[in-house]
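Each remark here refers to the structure printed beneath this line.
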Amino acid sequence: MSPIQADYYDGETSVRQRVSLLAGGGKLKVIGEQVNEVFDLRRVRRSLRIASTPRWLYLPGGGACVTGENDAVDRITRTRRYDRLLQAWESRPVLAALAVALVALSAWLLIDRALPVAADEIARRIPREAERVLGESTLQGMDRFLLHPSKLPAARQEALRTQFAALAQRAGERTPYRLEFRESALGANAFALPSGVIVMLDGLVKLARRDDEILAVLAHELGHVHHRHTMRRLLESSATALVIAGLTGDIASTTSLAAAAPSLLIQTKYSRDDEREADAYAVELLQKAQLNPRYLATMLGRLENRSRRYRPGLPDFLSTHPAPEERKALALAASRQAGETEEPELEALAIPDSRQLRMLDPVEQQVLGLVEKRDYAALEQLLSAKQQRYEQDPATEHELEMAFRAFRYLGRSAEPALREWSQQMPRSYVARTARGIYYLWRGIEARGTAFSKETPEQQVQAMNLLLDRAASEFERSLNLTAKPYLSHLSFITLSRYLGDGELGDRHYKEALAIAPQSLSVRQARMTTLEPRWGGSHRQMEALARESAAQLKDPAAAAKLAARIPADRGDEKQRSKDYAAAVGLYDEALRLDPSAAHMRCERSWVLSQLGRHGEAYAEAKRGLTEAREDSYCMERVVWAATKLHNHEEMIAVTTLVIEVDPSAGLAYSHRGWAKEQLGQRDAALQDYLAGAKLGEAWAQQKVGAAYLEGAGVKRDDDEGVAWLRKAAAQGNEEAKRVLQTKGR
């Protein structure tokens with residue numbers, strides 16, 4: 001037999017030596033320059049033959065030889081039937097592919113079918129104490145990297161814990177759990193950890209419109225605890241990793257599974273069957289506790305809408321869940337079985353009314369009249385024509401905005417008409433957009449104008465309810481026309497009040513894709529970048545530079561840039577550095593002389609510096625340029641009081657009343673000015689108008705008129721009634737007169 005040429009490794013160093021192999025008499029002799037060894041051939045192991053790849057001969061004692069003479073290796077070593085069969089399969093591509101398919105199928109059956117059953121059985125047998133340790137370590141890990149202390153007041157947290165404990169007690173549920181509250185960038189969410197720890201994030205509490213919705217979500221999470229879904233998912237994930245490691249030969253990596261368990265839990269999602277099981281559990285629990293299951297359906301729908309709206313096309317925590325329609329149907333079916341009907345979400349909240357301004361623009365007046373008549377066909381024709389004209393000529397964006405501006409100011413009574421319009425024409429872009437604008441501005445009205453920390457939670461919830469409805473209408477409108485400019489523009493404003501910068505950024509980019517030269521889009525975006533909305537002056541400056549390079553109209557770029565010194569002026573004003581504020585407002589007005597609201601802000605600062613004449617002139621100019629600016633209306637009236645010019649007071653208050661018939665303060669001041677000029681009858685009419693609108697000073701003046709019989713027939717009872725209304729608001733003169741009369 002000819003020698004076999006091979007490379008020899010002694011098993012102790014990496015030195016390779018060229019050797020010859022001789023086999024015979026049950027022995028294998030290895031001969032080289034520095035090697036002369038004899039081994040028992042029966043104890044020599046060989047690697048399997050795979051095509052023409054080199055073979056390894058593993059020698060007793062740790063050495064090894066490598067050779068490419070595969071036929072010779074087969075001759076000197078024993079060839080088992082298994083080896084021959086395996087070689088035959090490997091040498092035929094079709095059979096090799098079939099083998100790979102069989103392995104893959106077996107692995108899939110093991111992971112998809114066998115492991116869940118095994119994990120379920122094992123999870124039931126794991127001691128609660130062991131699960132508790134795992135749950136605590138997971139929560140600690142999340143607290144370090146993902147979660148932050150809750151910003152909810154301690155009393156609010158305790159109230160929710162108490163309510164949920166009472167619900168579980170009413171239902172007779174004894175599954176042990178612990179409710180924790182956290183703040184996180186994960187947003188509106190809740191999840192269960194091993195050992196019964198349920199984590200409720202602040203975002204979900206804020207998203208809920210009533211506590212019953214929060215309790216319904218907690219019931220769902222308690223379902224995961226009851227069925228030990230989290231532990232089952234962990235066991236499945238760990239076992240899957242072990243199977244894959246075994247198939248790939250990377251067994252060493254499995255040693256880190258135990259240490260990685262908390263991280264694995266964070267990434268693990270429930271299966272659809274788990275979610276169905278938790279939903280069914282929640283519905284049953286809510287029914288036993290006599291809480292309507294429709295609250296679960298409402299919250300699931302809101303979460304699904306929010307997820308689709310704010311993370312379009314991206315995986316989210318609902319991605320492994322059953323279809324939202326299926327889940328809501330389950331809860332609503334249970335609700336109907338209990339004799340309940342699904343009530344419209346908006347019925348839970350009275351829509352705040354708007355200031356009933358008289359619309360000066362002819363198109364706005366026309367829109368208002370058509371809404372009052374419920375002439376939906378005419379509304380459709382008018383507004384669709386504006387939309388079509390805009391799509392043909394983007395330069396008409398201001399005309400389009402003004403046509404829809406009327407819906408900002410519609411009051412509570414308009415909601416049924418807008419709802420009926422969209423129901424009759426569900427595919428109408430203008431109907432959806434009009435209704436969305438209405439809900440958006442009623443939501444802003446519901447919140448009020450106070451700083452966030454000074455705004456009651458009830459007002460925030462009212463705002464969120466209306467903004468959610470607005471967002472739903474805008475979302476539906478996006479696919480109903482080729483250029484949904486107004487929808488994107490409204491979403492930018494909406495994002496500001498929701499505190500969702502990503503939402504605003506996305507719709508800003510989509511709006512620019514439709515209207516690359518739009519100033520309105522950039523102005524809306526600039527507002528979201530103000531520090532009070534979570535942005536910064538650096539971001540505002542970056543937007544101004546970018547816009548200056550893109551806008552063809554230098555005046556438009558200057559208007560946008562003016563917002564930066566104006567916002568800095570607002571900051572100086574709040575810190576009472578009035579001189580610096582005036583300088584910044586001057587800078588802003590040089591860039592944008594037509595900024596009416598900015599002039600009225602400057603007017604207030606000037607009045608604080610005692611420059612009352614300038615303050616009045618600035619406020620009057622601002623009101624003249626922006627007749628519907630409510631702040632300018634208030635500012636010009638107050639500025640006029642410092643001038644002691646009665647004719648001027650009558651002129652400016654008349655301007656205000658023409659636009660805002662509900663401006664009680666303007667009536668009161670105009671009445672006083674007329675009285676000073678000797679126009680007593682006309683003054684009394686203004687005092688009566690102001691008194692009916694709730695102005696305390698006007699009520700005191702009307703009460704005094706009735707008691708004295710000045711301009712009206714004397715009526716002590718009527719006079720006392722008006723004085724009591726004024727006194728209830730703190731009017732000192734009314735209190736003094738009532739005390740004098742023993743009333």
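Naming works like this for the structure tokens: A, B, ... for the chains as they're shown, residue 1 at the start of each chain, ligands 1 onward in shown order.
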
Exercise for the section: Excluding Met425 of chain A and residues on its chain fewer than 2 positions from it, collect all residues at most 12 Å away from it, counting only C-alpha atoms, and give them as a list in words. Expected result: Tyr376, Ala377, Leu379, Glu380, Leu418, Arg419, Glu420, Trp421, Ser422, Gln423, Arg427, Ser428, Tyr429, Val430, Ala431, Arg432, Ser477 and Leu480 of chain A

Handout entry: Exercise: segment 52-57 of chain A partners within 7 Å, only C-alpha atoms, chain neighbours under 3 positions left out, as a ChimeraX atom specification
Key = /A:44-47,49,64-68,70

Exercise for the section: Extract, using only C-alpha atoms, all DNA, RNA and protein residues at most 12 Å from Tyr409 of chain A, discarding same-chain residues fewer than 6 positions from it, and format them as a ChimeraX atom specification. Expected result: /A:352-359,364-365,367-368,415,434-435,437-445,628,630,660

Problem - Residues within 12 Å of Ser536 of chain A, only C-alpha atoms, excluding chain neighbours under 5 positions, as a list in words - result: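 In the requested format, the answer is Met526, Thr527, Thr528, Leu529, Glu530, Pro531, Glu541, Ala542, Leu543, Ile564, Asp567 and Arg568 of chain A.
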
Handout entry: Pairwise distance for atom CA of Tyr485 of chain A and atom CA of Ala515 of chain A, rounded to one decimal in Å
Key =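 Interatomic distance here is 7.4 Å.
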